[in-house]
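Visitor: The following file, data.txt, comprises compact mmCIF, C-alpha atoms:
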```txt
# COMPACT_ATOMS: atom_id res chain seq x y z
CA MET A 1 -36.04 6.15 17.52
CA ILE A 2 -33.05 4.28 16.30
CA GLN A 3 -33.62 5.13 12.63
CA ARG A 4 -32.30 8.70 12.88
CA VAL A 5 -29.51 9.95 10.65
CA GLN A 6 -27.01 10.19 13.54
CA THR A 7 -27.37 6.43 14.00
CA ILE A 8 -25.94 5.95 10.52
CA PHE A 9 -22.98 8.20 11.33
CA LEU A 10 -22.34 6.46 14.66
CA PHE A 11 -22.44 3.10 12.90
CA LEU A 12 -20.01 4.40 10.26
CA ILE A 13 -17.63 5.32 13.10
CA VAL A 14 -17.77 1.69 14.28
CA VAL A 15 -17.05 0.49 10.73
CA ALA A 16 -14.18 2.98 10.34
CA MET A 17 -12.62 1.80 13.60
CA GLY A 18 -12.85 -1.79 12.41
CA ILE A 19 -11.08 -0.81 9.19
CA ALA A 20 -8.40 1.07 11.13
CA LEU A 21 -7.84 -1.92 13.44
CA SER A 22 -7.51 -4.39 10.59
CA ASN A 23 -5.46 -2.40 8.05
CA PRO A 24 -2.05 -0.72 8.16
CA ILE A 25 -2.05 2.99 8.99
CA TRP A 26 1.30 4.18 7.62
CA GLU A 27 4.23 2.84 5.65
CA LYS A 28 7.64 4.16 4.63
CA ILE A 29 10.08 2.60 2.22
CA GLY A 30 13.74 3.11 3.07
CA THR A 31 16.66 3.93 0.84
CA GLN A 32 17.56 0.25 0.31
CA SER A 33 15.25 -2.41 -1.08
CA LEU A 34 14.74 -4.34 2.18
CA GLU A 35 14.12 -1.31 4.41
CA THR A 36 10.53 -0.62 5.42
CA ALA A 37 8.72 0.91 8.36
CA LYS A 38 5.07 0.20 9.07
CA LEU A 39 2.54 1.36 11.64
CA THR A 40 -0.55 -0.71 12.40
CA ALA A 41 -3.04 -0.36 15.23
CA LEU A 42 -1.01 -2.72 17.42
CA GLN A 43 2.65 -2.30 16.45
CA TYR A 44 5.27 -0.12 14.86
CA SER A 45 7.85 -2.16 12.97
CA GLN A 46 11.05 -1.31 11.13
CA GLN A 47 12.87 -3.71 8.87
CA LYS A 48 16.47 -2.80 8.10
CA ALA A 49 18.99 -4.48 5.87
CA VAL A 50 22.15 -5.43 7.75
CA ALA A 51 25.39 -5.73 5.81
CA PRO A 52 26.83 -9.24 5.71
CA GLN A 53 29.72 -10.18 7.96
CA ALA A 54 33.03 -11.53 6.77
CA GLY A 55 32.80 -15.12 5.57
CA VAL A 56 29.03 -14.87 4.89
CA PRO A 57 27.64 -14.75 1.33
CA ALA A 58 27.14 -11.22 -0.01
CA GLN A 59 23.40 -10.93 0.67
CA SER A 60 21.89 -8.42 3.06
CA VAL A 61 20.00 -9.92 5.96
CA PRO A 62 16.79 -8.14 7.04
CA VAL A 63 16.48 -7.39 10.77
CA THR A 64 13.08 -6.45 12.15
CA PHE A 65 12.62 -4.09 15.08
CA GLU A 66 9.10 -4.00 16.57
CA VAL A 67 7.54 -1.73 19.17
CA SER A 68 4.12 -2.51 20.59
CA VAL A 69 1.60 0.34 20.37
CA TRP A 70 -1.24 -1.53 22.05
CA TYR A 71 -2.62 1.73 23.47
CA LEU A 72 -3.45 2.86 19.93
CA GLY A 73 -5.49 -0.30 19.33
CA LEU A 74 -7.14 0.12 22.73
CA LEU A 75 -8.19 3.68 21.91
CA LEU A 76 -9.56 2.57 18.52
CA GLY A 77 -11.56 -0.17 20.23
CA LEU A 78 -12.88 2.24 22.87
CA VAL A 79 -14.07 4.66 20.20
CA ALA A 80 -15.88 1.82 18.44
CA LEU A 81 -17.52 0.60 21.67
CA SER A 82 -18.46 4.13 22.71
CA SER A 83 -20.09 4.78 19.33
CA LEU A 84 -21.93 1.47 19.45
CA TYR A 85 -23.21 2.30 22.94
CA ALA A 86 -24.25 5.79 21.78
CA ILE A 87 -26.42 4.27 19.06
CA PHE A 88 -28.62 2.64 21.68
CA GLN A 89 -28.85 5.79 23.81
CA PHE A 90 -31.28 7.35 21.34
CA LYS A 91 -33.76 8.23 24.10
CA ASN A 92 -31.16 10.32 25.92
CA ARG A 93 -29.68 12.78 23.46
CA LEU A 94 -27.55 14.49 26.11
CA THR A 95 -25.77 11.20 26.78
CA GLN A 96 -25.26 10.77 23.05
CA THR A 97 -23.75 14.26 22.86
CA ALA A 98 -21.43 13.50 25.78
CA LEU A 99 -20.32 10.24 24.16
CA CYS A 100 -19.60 12.09 20.92
CA ALA A 101 -17.48 14.58 22.87
CA VAL A 102 -15.54 11.71 24.47
CA ASN A 103 -15.11 10.15 21.02
CA ALA A 104 -13.76 13.44 19.68
CA LEU A 105 -11.18 13.56 22.49
CA MET A 106 -10.12 9.96 21.92
CA LEU A 107 -9.92 10.44 18.14
CA THR A 108 -7.78 13.54 18.68
CA ALA A 109 -5.46 11.52 20.92
CA ILE A 110 -5.30 8.78 18.27
CA MET A 111 -4.36 11.31 15.59
CA GLY A 112 -1.71 12.77 17.89
CA ILE A 113 -0.17 9.35 18.50
CA ILE A 114 -0.19 8.52 14.80
CA LEU A 115 1.33 11.84 13.78
CA TYR A 116 4.03 11.54 16.44
CA ARG A 117 4.90 7.99 15.36
CA THR A 118 4.96 8.82 11.66
CA LEU A 119 6.34 12.35 11.45
CA TYR A 120 8.80 12.34 14.36
CA ALA A 121 9.73 8.78 15.26
CA GLY A 122 9.57 7.62 11.64
CA LYS A 123 11.59 10.57 10.38
CA GLU A 124 14.88 9.05 11.56
CA PHE A 125 14.23 5.98 9.43
CA GLY A 126 15.41 5.96 5.82
CA ASN A 127 15.31 9.24 3.93
CA PRO A 128 14.43 12.08 6.38
CA ALA A 129 12.85 14.14 3.58
CA ASP A 130 10.37 11.36 2.77
CA GLN A 131 7.50 11.29 5.27
CA GLY A 132 6.06 7.98 4.12
CA THR A 133 2.62 7.07 2.88
CA PHE A 134 -0.60 7.15 4.86
CA LEU A 135 -2.70 4.08 4.13
CA ILE A 136 -6.37 3.13 4.41
CA GLY A 137 -6.28 2.80 8.21
CA PHE A 138 -5.33 6.47 8.56
CA TYR A 139 -8.04 7.63 6.21
CA ALA A 140 -10.59 5.53 8.12
CA ILE A 141 -9.66 7.45 11.28
CA VAL A 142 -10.01 10.78 9.45
CA GLY A 143 -13.41 9.58 8.23
CA ALA A 144 -14.37 8.67 11.79
CA LEU A 145 -13.53 12.23 12.89
CA LEU A 146 -15.82 13.56 10.18
CA PHE A 147 -18.62 11.09 11.00
CA ASN A 148 -18.36 11.99 14.70
CA ALA A 149 -18.73 15.70 13.94
CA LEU A 150 -21.76 15.02 11.73
CA ALA A 151 -23.37 12.72 14.30
CA ASN A 152 -22.89 15.36 16.99
CA ARG A 153 -24.42 18.00 14.73
CA PHE A 154 -27.54 15.93 14.04
CA ILE A 155 -27.93 14.97 17.72
CA ARG A 156 -27.85 18.66 18.67
CA ARG A 157 -30.34 19.46 15.92
CA ASP A 158 -32.74 16.82 17.31
CA GLU A 159 -32.29 18.16 20.84
CA LYS A 160 -33.02 21.70 19.64
CA LEU A 161 -36.12 20.47 17.81
CA VAL A 162 -37.43 18.66 20.90
CA ARG A 163 -36.78 21.66 23.16
CA GLY A 164 -38.54 23.91 20.65
CA SER A 165 -41.59 21.65 20.56
CA ASP A 166 -41.69 21.48 24.36
CA ARG A 167 -41.95 25.27 24.50
CA LEU A 168 -45.05 25.26 22.32
CA ARG A 169 -47.02 22.93 24.59
```
Rewrite the structure from the file as structure tokens, please.
Guide:
Amino acid sequence: MIQRVQTIFLFLIVVAMGIALSNPIWEKIGTQSLETAKLTALQYSQQKAVAPQAGVPAQSVPVTFEVSVWYLGLLLGLVALSSLYAIFQFKNRLTQTALCAVNALMLTAIMGIILYRTLYAGKEFGNPADQGTFLIGFYAIVGALLFNALANRFIRRDEKLVRGSDRLR
């Protein structure tokens, strides 16, 4: 039966992954006005203001440094696909539980990558005391962790209920 409560939570994981893929995850403003660092699902970018050279007007020129983090986007997409597949495995609750466990591992890896990029790699940028601001993409991933735990709980509850009713027959 597809209309169980865990289906709602699995679908919310898919929605949360879509939000995380389409919105920025983290941002940090530097000490100067043109300095920013931003992490999205596909790239980490830093924009620094470079002092003008001799003979050039006295305006700072922004220089952008980008690093591809495609593996983060890939993991977000895999979590979404795995959750979508788990929705349609409603007849096999053990498969659903296994897919939720795989999702939990991938979401933990995603959080590790994000925390490394923001707290360690982003620390050298701008003011080291300022850790930056987590944006809606990050909170969508935290929500997906919560939805995954709830989905797993309700799948286990259904499995326990079915095993208990099989004992009575």
Visitor: Between CA of Ala101 in chain A and CA of Gly77 in chain A, measure the distance and give it in Å to one decimal.
Guide: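 Straight-line distance from CA of Ala101 in chain A to CA of Gly77 in chain A works out to 16.1 Å.
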Visitor: (-22.7, 11.4, 11.4) in this file's frame - what residues fall within 6 Å of it? Use all atoms listed in the file and give the answer as a VMD selection string.
Guide: chain A and resid 6 9 to 10 147 to 148 150 to 151
Visitor: Point out the residue among A:Ile113, A:Ala98, A:Ala144, A:Met17 with the least atom-to-atom distance to Ala86 in chain A, counting only C-alpha atoms.
Guide: A:Ala98
Visitor: Could you tell me which of A:Arg117, A:Gln43, A:Lys91, A:Ile155 comes closest to Tyr71 in chain A if we count all atoms listed in the file?
Guide: A:Gln43
Visitor: To one decimal place, how far is CA of Thr64 in chain A from CA of Gln46 in chain A in Å?
Guide: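 Distance reported for this atom pair: 5.6 Å.
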Visitor: Can you tell me which residues surround Asn23 in chain A at a distance of at most 7 Å, considering only C-alpha atoms, apart from same-chain residues fewer than 4 positions away, and format the answer as a list of chain:residue names?
Guide: A:Ile19, A:Thr40, A:Ile136, A:Gly137
Visitor: With only C-alpha atoms as the basis for distance, which of A:Val61, A:Val5, A:Leu76, A:Val67 is at the shortest distance from Ala140 in chain A?
Guide: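 Going through A:Val61, A:Val5, A:Leu76, A:Val67 one by one, the smallest distance to Ala140 in chain A is for A:Leu76.
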Visitor: Find, counting all atoms listed in the file, the residue in A:Ile87, A:Gly112, A:Ala41, A:Leu119 that gets nearest to Gln131 in chain A.
Guide: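 Closest residue, counting all atoms listed in the file: A:Leu119.
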Visitor: Using Å and a single decimal, report how far CA of Thr97 in chain A sits from CA of Leu84 in chain A.
Guide: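 Separation of CA of Leu84 in chain A and CA of Thr97 in chain A: 13.4 Å.
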Visitor: Nearest to Leu12 in chain A among A:Phe90, A:Val63, A:Lys38, A:Val142, with distances taken over all atoms listed in the file: which residue is it?
Guide: A:Val142
Visitor: Of the candidates A:Trp70, A:Ile13, A:Ile8, A:Gln47, which one gets nearest to Asn103 in chain A if we count only C-alpha atoms?
Guide: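 Smallest distance to Asn103 in chain A is found for A:Ile13.
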Visitor: What are the centre and edge lengths in Å, to one decimal, of the axis-aligned box around all listed atoms of range 11-24 of chain A with 5 Å added on each side, as AutoDock Vina command-line options?
Guide:
```
--center_x -12.2 --center_y 0.5 --center_z 11.2 --size_x 30.4 --size_y 19.7 --size_z 16.2
```
Visitor: So that I can check the surroundings of Thr36 in chain A, please list as a CSV table (one decimal) with C-alpha atoms, in the frame of the given file every protein, DNA and RNA residue that reaches within 9 Å of it, counting only C-alpha atoms and ignoring chain neighbours fewer than 6 positions away.
Guide:
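Wrote it out as around_11.csv, contents follow:
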```csv
chain,number,residue,atom,x,y,z
A,27,GLU,CA,4.2,2.8,5.6
A,28,LYS,CA,7.6,4.2,4.6
A,29,ILE,CA,10.1,2.6,2.2
A,30,GLY,CA,13.7,3.1,3.1
A,45,SER,CA,7.8,-2.2,13.0
A,46,GLN,CA,11.0,-1.3,11.1
A,47,GLN,CA,12.9,-3.7,8.9
A,48,LYS,CA,16.5,-2.8,8.1
A,125,PHE,CA,14.2,6.0,9.4
A,126,GLY,CA,15.4,6.0,5.8
```
